[in-house]
Amino acid sequence: MCGIIAARVSDDATPYLLDGLERLEYRGYDSAGIAVRTASGGTETVRSVSRVGDLRTLVAARTGDALTGTGIGHTRWATHGGVCEANAHPHQDCSGRISVVHNGIIENAERLRTMLEAQGHVFRSDVDSEVISHLVERALAVDHDLMLAVQIAAAQLEGSWAVVVLDSRTGRMVVAAERSPLVVARAPRGDFVASDIGAIAEWCETFVALRDGDVVELGESWSWSSDGVSVAVPFPTPSPFAAAALDLGDHPDHMAKEIEEQPEVVAGIVERIASRAADGSMWVGLGLPGFQRLAIVACGTSLNAGQVIATALRGIGGVPTDIIVASEADQVVLGPGTLVVAISQSGETADVLRALDRFEDRFPVLALTNNVHSSLARRASAVLDCHAGPEIGVAATKTFTAQVVVGVAVMISALVASGRIEPMHAATLVASLRDLPARLATAGQVAADRIPLLVSSVKDATGFLFLGRGVGLPYAAEGALKLKELSYRWAEAYPSGELKHGPLALVDEGTPVVVIDHGEHRLQAAISEVRARGGFVITIGGPGSDIPALGETGPWGPLEAVVPLQMLARELALQLGCDVDKPRNLAKSVTVE
């Protein structure tokens, strides 16, 4: 949540800041702003409560002192304080010398604000982030070293933060992080800071991710401290993708592009891991102990992917599983011999990280993430890269598919390595995984022909039901989630057998009911019950279905169903005039609790 960008370059910093903010806008788009040092040693701050495109217009229209190559920028997802220009970042100290951008939550902000106001500091916003600028201002009054001032300020904070502090008087820039992602990079054009390497990939081939407690000053040479102790600058990591991967190409939006990429993504994953899944070496290479139970810890789409993985593990190997909503982990009791599988696209999901805190390292943790340099990856006992590539659309698409395939593959490998299934059985299962790219592609082609007309028949509906049974149920849940995220229509997913236990009361003339019909014969009774009450049934299934996109189902369920479900949600959103890449009130990486 929220996106940070900063630059120290030889020419004007604003083009870099604005381009970076556009790439980070998926992390939050309630407001955006930049602060750039001027040639006379002041600060030019421009903020907008609209999108980055509006901010670009405002910057182009400015007049005044020439701008330098040192500046910071921010795109906000509101947590504290309403959406207004005063609450938009960057925030300044009383004098206007210090400018700050911040991602995270300062849990003791009210106490710090009260103390600072009593000392004469004047606040201009309602947000927690502003306390940082005043804490730095107060520390600078005692010692002029900006890096020391940031260290002193950070020592007083409680919560999470990724912070960039700019001193307009000296041009110095210091960054700090605690439980919130931030990367720094050096390139021929200069030094860059961002919440996500994708924002600066066009200019930087390598980067360094800050760890908790790091404070870094950028300059001719970097000064790096960890928990207050000076350390050597870590060795940089190659950027995981090219900037071109972020471009839309011929696609109308990122979601359309990312839906279409799923067959290719899955083909790459299967090619990379299939043989090691079949012979057990994928599991052995992780170095994890054997397990008697599996606990999935995740949120949102990743939780639905975890449901699919757990369903496959139970079906193939009969292993007991627990599904844990990460934000509700407080009362969870895990049994002996449990392996925790923590799933997060970004690897920075705050609720997942806090859930692991509560388990206190008492259980081995396998991380499934699209970012092997993330906080989750550093916390886990072992890490598997989901290899989905960059995903810009806020509503997850290809990362869901990638999580399922990687998660199922490693579970097959674990079952072979532990002797729970025979290698011959594993080889058959892996062969089915090899069929998935073609099945996903076919599902997309079939859905493209059918969905626009179906959506036009239901676009005025205020609520939707999604029904599934057995291995199809997690896909019904994912379909309902996508529709809610994109179209802002109510959508609920239920096991079809629960229809008569309450949800059937929601069905009226024309109520859309989407059924994941993977061939389970008992689904037909539910379909008949809905139709008898005037419901508008949309079946995603085999031949004869409204969207005949499914083939024979494996133990992980009808994975190809997710493609028409994603396309259904997207098409409905488009027909309703919604922004499919940036749904209201949502952000891509949920880095705060």
# chains A, B, ... in the order shown; residues from 1 in each chain; ligands from 1

call {"tool": "select_by_dssp", "arguments": {"residues": "region 460-560 of chain A", "states": "helix (DSSP H, G or I)", "output": "ChimeraX atom specification"}}
result
/A:470-487,496-501,503-506,523-532,559-560

call {"tool": "residues_around", "arguments": {"residues": "Ile547 (chain A)", "least_positions_apart": "5", "cutoff": "9 Å", "atoms": "only C-alpha atoms", "output": "ChimeraX atom specification"}}
result
/A:443,446-447,449-451,538-542,564

call {"tool": "write_last_selection", "arguments": {"atoms": "C-alpha atoms", "output": "PDB file, in the first residue's frame"}}
result
ATOM      1  CA  ALA A 443     -10.765 -21.521 -21.820  1.00  0.00           C
ATOM      2  CA  VAL A 446     -14.178 -19.944 -25.432  1.00  0.00           C
ATOM      3  CA  ALA A 447     -14.934 -17.303 -22.801  1.00  0.00           C
ATOM      4  CA  ASP A 449     -16.913 -15.518 -27.456  1.00  0.00           C
ATOM      5  CA  ARG A 450     -19.567 -16.028 -24.785  1.00  0.00           C
ATOM      6  CA  ILE A 451     -18.990 -13.581 -21.939  1.00  0.00           C
ATOM      7  CA  ILE A 538     -24.437 -19.106 -15.874  1.00  0.00           C
ATOM      8  CA  THR A 539     -22.604 -22.425 -15.957  1.00  0.00           C
ATOM      9  CA  ILE A 540     -18.881 -22.726 -16.490  1.00  0.00           C
ATOM     10  CA  GLY A 541     -18.353 -26.363 -17.335  1.00  0.00           C
ATOM     11  CA  GLY A 542     -17.961 -28.900 -20.097  1.00  0.00           C
ATOM     12  CA  PRO A 564     -13.639 -17.158 -17.640  1.00  0.00           C
TER      13      PRO A 564
END

call {"tool": "residues_around", "arguments": {"residues": "region 59-71 of chain A", "least_positions_apart": "4", "cutoff": "12 Å", "atoms": "only C-alpha atoms", "output": "PyMOL selection string"}}
result
chain A and resi 4-18+20+32-48+52-55+90+98-101+164-174+189-193+218-219

call {"tool": "residues_around", "arguments": {"residues": "Trp224 (chain A)", "least_positions_apart": "4", "cutoff": "9 Å", "atoms": "only C-alpha atoms", "output": "PyMOL selection string"}}
result
chain A and resi 214-218+229-234

call {"tool": "residues_around", "arguments": {"residues": "region 397-405 of chain A", "least_positions_apart": "6", "cutoff": "7 Å", "atoms": "only C-alpha atoms", "output": "mmCIF file with all heavy atoms, in the first residue's frame"}}
result
data_model
loop_
_atom_site.group_PDB
_atom_site.id
_atom_site.type_symbol
_atom_site.label_atom_id
_atom_site.label_comp_id
_atom_site.auth_asym_id
_atom_site.auth_seq_id
_atom_site.Cartn_x
_atom_site.Cartn_y
_atom_site.Cartn_z
ATOM 1 N N GLU A 258 -2.642 -9.460 -18.359
ATOM 2 C CA GLU A 258 -2.222 -10.468 -17.387
ATOM 3 C C GLU A 258 -3.100 -11.720 -17.438
ATOM 4 O O GLU A 258 -2.612 -12.825 -17.180
ATOM 5 C CB GLU A 258 -2.187 -9.824 -15.998
ATOM 6 C CG GLU A 258 -1.019 -8.851 -15.881
ATOM 7 C CD GLU A 258 -1.210 -7.714 -14.881
ATOM 8 O OE1 GLU A 258 -2.174 -7.766 -14.095
ATOM 9 O OE2 GLU A 258 -0.393 -6.772 -14.903
ATOM 10 N N ILE A 259 -4.375 -11.569 -17.778
ATOM 11 C CA ILE A 259 -5.212 -12.748 -18.003
ATOM 12 C C ILE A 259 -4.656 -13.540 -19.181
ATOM 13 O O ILE A 259 -4.530 -14.773 -19.120
ATOM 14 C CB ILE A 259 -6.677 -12.338 -18.264
ATOM 15 C CG1 ILE A 259 -7.320 -11.796 -16.988
ATOM 16 C CG2 ILE A 259 -7.488 -13.525 -18.781
ATOM 17 C CD1 ILE A 259 -8.699 -11.197 -17.196
ATOM 18 N N GLN A 262 -1.512 -15.932 -18.754
ATOM 19 C CA GLN A 262 -1.530 -17.100 -17.864
ATOM 20 C C GLN A 262 -1.059 -18.400 -18.510
ATOM 21 O O GLN A 262 -0.290 -19.147 -17.885
ATOM 22 C CB GLN A 262 -2.922 -17.254 -17.243
ATOM 23 C CG GLN A 262 -3.194 -16.161 -16.220
ATOM 24 C CD GLN A 262 -4.594 -16.203 -15.649
ATOM 25 O OE1 GLN A 262 -4.793 -16.527 -14.476
ATOM 26 N NE2 GLN A 262 -5.566 -15.873 -16.477
ATOM 27 N N VAL A 266 2.157 -20.375 -16.874
ATOM 28 C CA VAL A 266 2.065 -21.749 -16.383
ATOM 29 C C VAL A 266 3.004 -22.658 -17.165
ATOM 30 O O VAL A 266 3.657 -23.543 -16.588
ATOM 31 C CB VAL A 266 0.612 -22.250 -16.458
ATOM 32 C CG1 VAL A 266 0.541 -23.746 -16.147
ATOM 33 C CG2 VAL A 266 -0.251 -21.476 -15.467
ATOM 34 N N THR A 301 -6.980 -13.397 -2.561
ATOM 35 C CA THR A 301 -6.766 -14.347 -3.656
ATOM 36 C C THR A 301 -5.763 -15.420 -3.274
ATOM 37 O O THR A 301 -5.919 -16.592 -3.628
ATOM 38 C CB THR A 301 -6.304 -13.592 -4.915
ATOM 39 O OG1 THR A 301 -7.427 -12.905 -5.474
ATOM 40 C CG2 THR A 301 -5.743 -14.535 -5.961
ATOM 41 N N SER A 302 -4.716 -15.055 -2.545
ATOM 42 C CA SER A 302 -3.724 -16.047 -2.127
ATOM 43 C C SER A 302 -4.348 -17.099 -1.215
ATOM 44 O O SER A 302 -3.944 -18.268 -1.233
ATOM 45 C CB SER A 302 -2.553 -15.361 -1.417
ATOM 46 O OG SER A 302 -1.831 -14.543 -2.304
ATOM 47 N N ALA A 305 -6.053 -19.509 -3.487
ATOM 48 C CA ALA A 305 -5.042 -20.390 -4.073
ATOM 49 C C ALA A 305 -4.604 -21.445 -3.065
ATOM 50 O O ALA A 305 -4.410 -22.620 -3.406
ATOM 51 C CB ALA A 305 -3.842 -19.579 -4.549
ATOM 52 N N VAL A 308 -6.988 -24.284 -2.886
ATOM 53 C CA VAL A 308 -6.798 -25.234 -3.977
ATOM 54 C C VAL A 308 -5.639 -26.179 -3.664
ATOM 55 O O VAL A 308 -5.734 -27.405 -3.853
ATOM 56 C CB VAL A 308 -6.539 -24.498 -5.303
ATOM 57 C CG1 VAL A 308 -6.231 -25.494 -6.422
ATOM 58 C CG2 VAL A 308 -7.740 -23.637 -5.680
ATOM 59 N N ILE A 309 -4.535 -25.627 -3.174
ATOM 60 C CA ILE A 309 -3.368 -26.452 -2.841
ATOM 61 C C ILE A 309 -3.712 -27.456 -1.748
ATOM 62 O O ILE A 309 -3.349 -28.636 -1.831
ATOM 63 C CB ILE A 309 -2.200 -25.538 -2.403
ATOM 64 C CG1 ILE A 309 -1.765 -24.640 -3.565
ATOM 65 C CG2 ILE A 309 -1.019 -26.364 -1.894
ATOM 66 C CD1 ILE A 309 -0.888 -23.473 -3.149
ATOM 67 N N GLN A 345 1.604 -12.710 -2.738
ATOM 68 C CA GLN A 345 2.142 -12.275 -4.025
ATOM 69 C C GLN A 345 3.346 -11.369 -3.818
ATOM 70 O O GLN A 345 4.402 -11.586 -4.389
ATOM 71 C CB GLN A 345 1.047 -11.566 -4.823
ATOM 72 C CG GLN A 345 1.484 -11.051 -6.186
ATOM 73 C CD GLN A 345 2.152 -9.690 -6.161
ATOM 74 O OE1 GLN A 345 3.139 -9.459 -6.861
ATOM 75 N NE2 GLN A 345 1.662 -8.770 -5.356
ATOM 76 N N LEU A 368 5.469 -19.092 -0.416
ATOM 77 C CA LEU A 368 5.172 -19.016 -1.850
ATOM 78 C C LEU A 368 4.960 -17.547 -2.165
ATOM 79 O O LEU A 368 4.013 -16.924 -1.681
ATOM 80 C CB LEU A 368 3.905 -19.804 -2.206
ATOM 81 C CG LEU A 368 3.881 -21.310 -1.977
ATOM 82 C CD1 LEU A 368 2.599 -21.899 -2.556
ATOM 83 C CD2 LEU A 368 5.085 -21.974 -2.597
ATOM 84 N N CYS A 386 7.111 -17.954 -7.323
ATOM 85 C CA CYS A 386 5.957 -18.312 -8.141
ATOM 86 C C CYS A 386 6.154 -17.979 -9.615
ATOM 87 O O CYS A 386 5.360 -18.421 -10.458
ATOM 88 C CB CYS A 386 4.696 -17.622 -7.612
ATOM 89 S SG CYS A 386 4.160 -18.265 -6.020
ATOM 90 N N HIS A 387 7.147 -17.189 -9.944
ATOM 91 C CA HIS A 387 7.516 -16.931 -11.342
ATOM 92 C C HIS A 387 6.343 -16.419 -12.176
ATOM 93 O O HIS A 387 6.210 -16.777 -13.351
ATOM 94 C CB HIS A 387 8.080 -18.196 -11.985
ATOM 95 C CG HIS A 387 9.408 -18.618 -11.439
ATOM 96 N ND1 HIS A 387 10.583 -17.925 -11.662
ATOM 97 C CD2 HIS A 387 9.750 -19.682 -10.648
ATOM 98 C CE1 HIS A 387 11.583 -18.535 -11.054
ATOM 99 N NE2 HIS A 387 11.117 -19.594 -10.425
ATOM 100 N N ALA A 388 5.515 -15.566 -11.601
ATOM 101 C CA ALA A 388 4.406 -15.000 -12.368
ATOM 102 C C ALA A 388 4.827 -13.783 -13.171
ATOM 103 O O ALA A 388 4.113 -13.368 -14.084
ATOM 104 C CB ALA A 388 3.255 -14.617 -11.437
#

call {"tool": "residues_around", "arguments": {"residues": "region 130-144 of chain A", "least_positions_apart": "6", "cutoff": "9 Å", "atoms": "only C-alpha atoms", "output": "ChimeraX atom specification"}}
result
/A:87,89-95,97-102,106,109-110,112-113,116,121-124,150-154,156-157,163,165

call {"tool": "write_last_selection", "arguments": {"atoms": "N, CA, C and O atoms", "output": "compact mmCIF listing (two decimals), in the first residue's frame"}}
result
# COMPACT_ATOMS: atom_id res chain seq x y z
N ASN A 87 -3.58 16.09 3.37
CA ASN A 87 -3.15 14.77 3.83
C ASN A 87 -2.28 14.04 2.81
O ASN A 87 -1.77 12.95 3.09
N HIS A 89 0.97 13.19 0.58
CA HIS A 89 2.42 13.30 0.77
C HIS A 89 3.01 14.07 -0.42
O HIS A 89 2.42 14.08 -1.50
N PRO A 90 4.22 14.60 -0.29
CA PRO A 90 5.12 14.63 0.86
C PRO A 90 4.65 15.61 1.95
O PRO A 90 3.93 16.55 1.68
N HIS A 91 5.13 15.33 3.17
CA HIS A 91 4.85 16.18 4.32
C HIS A 91 6.15 16.88 4.75
O HIS A 91 7.24 16.36 4.53
N GLN A 92 5.98 18.05 5.36
CA GLN A 92 7.14 18.86 5.72
C GLN A 92 7.16 19.18 7.21
O GLN A 92 6.16 19.01 7.92
N ASP A 93 8.33 19.64 7.65
CA ASP A 93 8.46 20.12 9.03
C ASP A 93 7.94 21.56 9.10
O ASP A 93 7.41 22.11 8.13
N CYS A 94 8.10 22.18 10.23
CA CYS A 94 7.58 23.54 10.42
C CYS A 94 8.23 24.54 9.48
O CYS A 94 7.57 25.47 8.98
N SER A 95 9.51 24.37 9.20
CA SER A 95 10.25 25.34 8.41
C SER A 95 10.13 25.12 6.91
O SER A 95 10.47 25.99 6.12
N ARG A 97 11.97 22.90 5.49
CA ARG A 97 13.28 22.38 5.11
C ARG A 97 13.25 20.88 4.86
O ARG A 97 13.86 20.38 3.91
N ILE A 98 12.55 20.14 5.71
CA ILE A 98 12.52 18.68 5.66
C ILE A 98 11.23 18.21 4.99
O ILE A 98 10.13 18.62 5.38
N SER A 99 11.37 17.37 3.98
CA SER A 99 10.23 16.75 3.32
C SER A 99 10.32 15.24 3.50
O SER A 99 11.41 14.65 3.41
N VAL A 100 9.15 14.61 3.72
CA VAL A 100 9.11 13.18 4.05
C VAL A 100 8.00 12.50 3.26
O VAL A 100 6.89 13.04 3.13
N VAL A 101 8.30 11.31 2.73
CA VAL A 101 7.27 10.40 2.23
C VAL A 101 7.36 9.13 3.06
O VAL A 101 8.45 8.70 3.46
N HIS A 102 6.20 8.52 3.31
CA HIS A 102 6.15 7.40 4.25
C HIS A 102 5.11 6.39 3.80
O HIS A 102 4.01 6.75 3.36
N ILE A 106 2.29 4.47 11.68
CA ILE A 106 2.97 4.82 12.92
C ILE A 106 1.96 4.64 14.05
O ILE A 106 1.04 5.46 14.21
N ALA A 109 1.56 7.46 16.76
CA ALA A 109 1.57 8.79 16.17
C ALA A 109 0.85 9.81 17.02
O ALA A 109 1.32 10.95 17.16
N GLU A 110 -0.28 9.44 17.62
CA GLU A 110 -1.04 10.41 18.42
C GLU A 110 -0.24 10.87 19.63
O GLU A 110 -0.24 12.06 19.98
N LEU A 112 3.04 10.89 19.89
CA LEU A 112 4.14 11.72 19.41
C LEU A 112 3.64 13.11 18.99
O LEU A 112 4.28 14.13 19.26
N ARG A 113 2.48 13.14 18.33
CA ARG A 113 1.92 14.42 17.91
C ARG A 113 1.65 15.33 19.13
O ARG A 113 1.96 16.52 19.11
N LEU A 116 4.93 16.66 20.41
CA LEU A 116 5.53 17.65 19.53
C LEU A 116 4.75 18.96 19.53
O LEU A 116 5.34 20.06 19.50
N HIS A 121 5.56 22.53 17.81
CA HIS A 121 5.47 22.12 16.42
C HIS A 121 4.04 22.27 15.92
O HIS A 121 3.08 21.95 16.63
N VAL A 122 3.89 22.75 14.69
CA VAL A 122 2.58 22.98 14.09
C VAL A 122 2.34 21.94 12.99
O VAL A 122 3.14 21.83 12.05
N PHE A 123 1.24 21.21 13.10
CA PHE A 123 0.91 20.18 12.14
C PHE A 123 -0.09 20.72 11.12
O PHE A 123 -1.00 21.49 11.45
N ARG A 124 0.07 20.28 9.88
CA ARG A 124 -0.79 20.76 8.79
C ARG A 124 -1.71 19.67 8.24
O ARG A 124 -2.50 19.94 7.33
N VAL A 150 17.62 11.02 11.41
CA VAL A 150 16.64 9.99 10.99
C VAL A 150 16.72 8.78 11.91
O VAL A 150 15.69 8.20 12.27
N GLN A 151 17.92 8.40 12.31
CA GLN A 151 18.07 7.29 13.25
C GLN A 151 17.38 7.61 14.58
O GLN A 151 16.69 6.75 15.16
N ILE A 152 17.55 8.83 15.06
CA ILE A 152 16.92 9.23 16.32
C ILE A 152 15.41 9.23 16.17
O ILE A 152 14.67 8.76 17.05
N ALA A 153 14.93 9.75 15.04
CA ALA A 153 13.48 9.77 14.81
C ALA A 153 12.92 8.35 14.73
O ALA A 153 11.89 8.04 15.34
N ALA A 154 13.60 7.48 13.99
CA ALA A 154 13.11 6.11 13.82
C ALA A 154 13.06 5.37 15.14
O ALA A 154 12.18 4.53 15.38
N GLN A 156 12.12 6.41 17.85
CA GLN A 156 10.94 6.81 18.62
C GLN A 156 9.63 6.28 18.03
O GLN A 156 8.57 6.42 18.63
N LEU A 157 9.72 5.68 16.84
CA LEU A 157 8.52 5.22 16.15
C LEU A 157 8.15 3.81 16.56
O LEU A 157 9.01 2.97 16.82
N VAL A 163 10.53 5.04 4.68
CA VAL A 163 10.59 6.49 4.75
C VAL A 163 11.74 7.01 3.88
O VAL A 163 12.82 6.41 3.86
N VAL A 165 13.62 10.79 3.52
CA VAL A 165 13.71 12.13 4.10
C VAL A 165 14.63 12.97 3.22
O VAL A 165 15.77 12.58 2.96

call {"tool": "residues_around", "arguments": {"residues": "Asp253 (chain A)", "least_positions_apart": "4", "cutoff": "9 Å", "atoms": "only C-alpha atoms", "output": "PyMOL selection string"}}
result
chain A and resi 248+257-258+393+580-581

call {"tool": "select_by_dssp", "arguments": {"residues": "region 182-313 of chain A", "states": "strand (DSSP E or B)", "output": "number ranges by chain"}}
result
A: 183-187, 190-194, 206-209, 214-218, 223-226, 229-231, 237-238, 293-298

call {"tool": "write_last_selection", "arguments": {"atoms": "N, CA, C and O atoms", "output": "compact mmCIF listing (two decimals), in the first residue's frame"}}
result
# COMPACT_ATOMS: atom_id res chain seq x y z
N VAL A 183 13.44 -0.37 -1.65
CA VAL A 183 14.67 -0.75 -2.32
C VAL A 183 15.43 0.49 -2.74
O VAL A 183 14.82 1.55 -3.02
N VAL A 184 16.76 0.38 -2.79
CA VAL A 184 17.61 1.46 -3.29
C VAL A 184 18.45 0.89 -4.43
O VAL A 184 18.75 -0.31 -4.46
N ALA A 185 18.79 1.76 -5.37
CA ALA A 185 19.54 1.29 -6.54
C ALA A 185 20.45 2.39 -7.04
O ALA A 185 20.12 3.58 -6.96
N ARG A 186 21.60 1.97 -7.57
CA ARG A 186 22.53 2.90 -8.21
C ARG A 186 22.64 2.54 -9.68
O ARG A 186 22.79 1.36 -10.04
N ALA A 187 22.50 3.54 -10.53
CA ALA A 187 22.54 3.34 -11.97
C ALA A 187 23.37 4.46 -12.60
O ALA A 187 23.71 5.44 -11.92
N GLY A 190 22.01 7.84 -11.82
CA GLY A 190 22.01 8.33 -10.46
C GLY A 190 21.50 7.29 -9.48
O GLY A 190 21.49 6.09 -9.77
N ASP A 191 21.07 7.76 -8.32
CA ASP A 191 20.54 6.88 -7.28
C ASP A 191 19.01 6.97 -7.27
O ASP A 191 18.43 8.04 -7.46
N PHE A 192 18.39 5.81 -7.00
CA PHE A 192 16.93 5.75 -6.99
C PHE A 192 16.46 4.97 -5.76
O PHE A 192 17.16 4.09 -5.26
N VAL A 193 15.25 5.30 -5.32
CA VAL A 193 14.59 4.62 -4.21
C VAL A 193 13.17 4.31 -4.65
O VAL A 193 12.53 5.13 -5.32
N ALA A 194 12.64 3.16 -4.28
CA ALA A 194 11.26 2.83 -4.64
C ALA A 194 10.71 1.76 -3.72
O ALA A 194 11.45 0.99 -3.10
N THR A 206 20.22 -3.38 -11.14
CA THR A 206 20.37 -4.05 -9.85
C THR A 206 19.75 -3.20 -8.75
O THR A 206 19.46 -2.01 -8.96
N PHE A 207 19.55 -3.81 -7.60
CA PHE A 207 18.97 -3.08 -6.47
C PHE A 207 19.40 -3.75 -5.17
O PHE A 207 19.91 -4.88 -5.17
N VAL A 208 19.18 -3.05 -4.06
CA VAL A 208 19.39 -3.60 -2.72
C VAL A 208 18.11 -3.35 -1.93
O VAL A 208 17.62 -2.22 -1.88
N ALA A 209 17.58 -4.38 -1.33
CA ALA A 209 16.38 -4.25 -0.50
C ALA A 209 16.79 -3.95 0.94
O ALA A 209 17.67 -4.60 1.50
N ASP A 214 17.22 -0.86 8.90
CA ASP A 214 18.23 -0.22 8.07
C ASP A 214 17.94 1.28 7.91
O ASP A 214 16.78 1.69 7.75
N VAL A 215 19.00 2.08 7.96
CA VAL A 215 18.95 3.50 7.64
C VAL A 215 20.11 3.76 6.69
O VAL A 215 21.25 3.38 6.97
N VAL A 216 19.81 4.40 5.55
CA VAL A 216 20.81 4.54 4.49
C VAL A 216 20.81 5.98 3.99
O VAL A 216 19.75 6.55 3.71
N GLU A 217 22.01 6.56 3.86
CA GLU A 217 22.12 7.86 3.20
C GLU A 217 22.67 7.65 1.80
O GLU A 217 23.72 7.00 1.62
N LEU A 218 21.97 8.21 0.81
CA LEU A 218 22.42 8.13 -0.57
C LEU A 218 23.31 9.33 -0.86
O LEU A 218 23.15 10.40 -0.29
N SER A 223 26.09 5.53 2.82
CA SER A 223 26.35 5.19 4.23
C SER A 223 25.21 4.30 4.70
O SER A 223 24.03 4.69 4.59
N TRP A 224 25.53 3.14 5.22
CA TRP A 224 24.51 2.13 5.55
C TRP A 224 24.64 1.75 7.03
O TRP A 224 25.72 1.41 7.50
N SER A 225 23.53 1.82 7.74
CA SER A 225 23.53 1.35 9.13
C SER A 225 22.40 0.37 9.33
O SER A 225 21.36 0.45 8.67
N SER A 226 22.61 -0.54 10.25
CA SER A 226 21.60 -1.55 10.58
C SER A 226 21.44 -1.56 12.09
O SER A 226 22.41 -1.84 12.82
N VAL A 229 24.09 0.46 13.83
CA VAL A 229 25.50 0.09 13.67
C VAL A 229 25.89 0.21 12.20
O VAL A 229 25.19 -0.32 11.32
N SER A 230 26.99 0.89 11.92
CA SER A 230 27.46 1.03 10.54
C SER A 230 27.87 -0.32 9.98
O SER A 230 28.58 -1.10 10.65
N VAL A 231 27.41 -0.61 8.76
CA VAL A 231 27.73 -1.89 8.12
C VAL A 231 28.13 -1.61 6.67
O VAL A 231 27.90 -0.52 6.14
N THR A 237 21.41 -6.96 -6.00
CA THR A 237 20.72 -8.08 -6.62
C THR A 237 20.25 -7.68 -8.01
O THR A 237 19.74 -6.57 -8.19
N PRO A 238 20.38 -8.55 -9.01
CA PRO A 238 19.88 -8.20 -10.36
C PRO A 238 18.37 -8.00 -10.34
O PRO A 238 17.64 -8.69 -9.63
N ARG A 293 0.88 -32.48 9.00
CA ARG A 293 -0.25 -31.60 8.69
C ARG A 293 0.27 -30.41 7.90
O ARG A 293 1.46 -30.06 7.99
N LEU A 294 -0.62 -29.77 7.19
CA LEU A 294 -0.29 -28.56 6.44
C LEU A 294 -1.21 -27.44 6.90
O LEU A 294 -2.42 -27.64 7.03
N ALA A 295 -0.65 -26.27 7.15
CA ALA A 295 -1.44 -25.09 7.48
C ALA A 295 -1.15 -24.00 6.45
O ALA A 295 -0.01 -23.60 6.27
N ILE A 296 -2.20 -23.58 5.75
CA ILE A 296 -2.08 -22.50 4.78
C ILE A 296 -2.38 -21.18 5.49
O ILE A 296 -3.40 -21.05 6.16
N VAL A 297 -1.50 -20.19 5.33
CA VAL A 297 -1.71 -18.86 5.91
C VAL A 297 -1.66 -17.86 4.76
O VAL A 297 -0.63 -17.75 4.08
N ALA A 298 -2.75 -17.13 4.55
CA ALA A 298 -2.81 -16.21 3.42
C ALA A 298 -4.01 -15.29 3.57
O ALA A 298 -4.79 -15.41 4.51

call {"tool": "atom_distance", "arguments": {"atom1": "CA of Gly577 (chain A)", "atom2": "CA of Lys484 (chain A)"}}
result
14.3 Å

call {"tool": "atom_distance", "arguments": {"atom1": "CA of Leu565 (chain A)", "atom2": "CA of Val515 (chain A)"}}
result
10.3 Å

call {"tool": "closest_residue", "arguments": {"among": "A:Gly287, A:Gly300, A:Gly81, A:Gly306", "to": "Thr349 (chain A)", "atoms": "only C-alpha atoms"}}
result
A:Gly300

call {"tool": "closest_residue", "arguments": {"among": "A:Gly502, A:Gly389, A:Gly554, A:Gly73", "to": "Glu261 (chain A)", "atoms": "only C-alpha atoms"}}
result
A:Gly389

call {"tool": "closest_residue", "arguments": {"among": "A:Val514, A:Lys582, A:Arg434, A:Ala480", "to": "Glu264 (chain A)", "atoms": "only C-alpha atoms"}}
result
A:Arg434
